[in-house]
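The structure appears right after this line, and notes come after that.
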Amino acid sequence: MIETIDSPLLHGIIANAQQEADAILESCAREEEQLRSHYLKKAEQERQAETALLRVQLDEIARKEQSHMLSMERKRELLRSSNLKSKVLDQVALRMSSLIGTKEYREVLVGWIAEAAIGVDRPEVMVKCSFKEHVDDAMLADARQLVKKTTGKEIVMSFCDEPLSSQGIVVTSVDGKISYDNRVSTRIQRYGRHVNVTMEGDSCRNE
C-alpha cells in the first residue's frame, strides 16, 4: 500500500506546476487566436485584392466591349451613309447624263466653260468635252462673253477634239500645264460636303 504524502511543500509544488501549465495553455491560446486573426485578416485582404483586380479586369473587358460596339456602330453608320451618298450621287450623275442635248444643259456647259476659263486664268485656253457631248463655236462665244462680263478679260477659246472619258468639260492652258476640271464626277466630289449637308442636315453641320 502506497502511503499518501500530504505536506504543504508538495501542495505548493503541484499548485505552481498547475499555474505554469495554465499560463502556458493560456499563452498558447492567445497565440493561436492571434495567428488565426492574422491569417483571417490576411485572407480577407487577399480576397479583397482579388475582388478589386477582378473588378478592374471586368471593367476593362466592359470598356473594350463598349468601345468595340461603338466602333462597329460607327462603321455601320459610315457604311450606311456612304451607300446612301453613293446612291444620291449616282442619281445626280444619271440626271446630268439625261440632260445632254437639252437647252438647259447647253447653258450649264457654257457656264462651266466660263468658270473653268476664269480658273485657268490664261489669255488663251483649250476646251475639251466627252464624246457624249458637243461644244460648238456658238457655245465658246457665249462662254467668252460670260468671262468678259464677269472679269472684263478677253480670252481666246479653242476646242480640242481629244474626248474626255466622262461627262463634262476640262479647260487647259495651251501648253497643258494648267487645267480646270469641270467634269460631272469632279464637280460632285467638289461639292460632296454640300451633298452631305443635304443628306444629313444639322447633324452633319455639327461635326
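Residue numbers start at 1 in each chain; chains themselves are named A, B, ... in the order of the C-alpha cells; ligands are numbered from 1 in the order shown.
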
- Message: Can you pull out every residue from region 4-204 of chain A that DSSP, working from the backbone, puts in helix (DSSP H, G or I), and format the result as a VMD selection string?
- Response: chain A and resid 8 to 98 103 to 120 137 to 151 184 to 190 192 to 200 202 to 204

- Query: For Gly119 (chain A), which residue among A:Asn182, A:Ser67, A:Ser7, A:Asn83 is the nearest when counting only C-alpha atoms?
  - Reply: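 The shortest atom-to-atom distance to Gly119 (chain A) comes from A:Asn182.
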
Write out as a PDB file with C-alpha atoms, in the first residue's frame all residues of chain A that backbone DSSP assigns to strand (DSSP E or B).
```pdb
ATOM      1  CA  GLU A 124      -5.810  81.518-124.492  1.00  0.00           C
ATOM      2  CA  VAL A 125      -7.314  78.180-123.455  1.00  0.00           C
ATOM      3  CA  MET A 126      -8.318  74.828-124.884  1.00  0.00           C
ATOM      4  CA  VAL A 127     -11.734  73.261-124.163  1.00  0.00           C
ATOM      5  CA  LYS A 128     -12.341  69.520-124.028  1.00  0.00           C
ATOM      6  CA  CYS A 129     -15.615  67.616-123.581  1.00  0.00           C
ATOM      7  CA  SER A 130     -16.667  63.979-123.529  1.00  0.00           C
ATOM      8  CA  VAL A 156      -9.353  83.147-126.805  1.00  0.00           C
ATOM      9  CA  MET A 157     -11.013  79.724-126.659  1.00  0.00           C
ATOM     10  CA  SER A 158     -10.373  76.801-128.964  1.00  0.00           C
ATOM     11  CA  PHE A 159     -11.998  73.391-128.978  1.00  0.00           C
ATOM     12  CA  LEU A 164     -12.757  63.112-122.177  1.00  0.00           C
ATOM     13  CA  GLY A 168     -18.378  67.375-118.527  1.00  0.00           C
ATOM     14  CA  ILE A 169     -15.613  69.671-119.686  1.00  0.00           C
ATOM     15  CA  VAL A 170     -11.962  70.381-118.892  1.00  0.00           C
ATOM     16  CA  VAL A 171     -10.278  73.667-119.788  1.00  0.00           C
ATOM     17  CA  THR A 172      -6.477  73.791-120.078  1.00  0.00           C
ATOM     18  CA  SER A 173      -3.834  76.346-120.941  1.00  0.00           C
ATOM     19  CA  SER A 179      -6.122  72.809-116.182  1.00  0.00           C
ATOM     20  CA  TYR A 180      -9.522  73.218-114.569  1.00  0.00           C
ATOM     21  CA  ASP A 181     -11.598  70.064-114.293  1.00  0.00           C
ATOM     22  CA  ASN A 182     -15.333  70.647-114.587  1.00  0.00           C
ATOM     23  CA  ARG A 183     -16.402  67.105-115.319  1.00  0.00           C
TER      24      ARG A 183
END
```
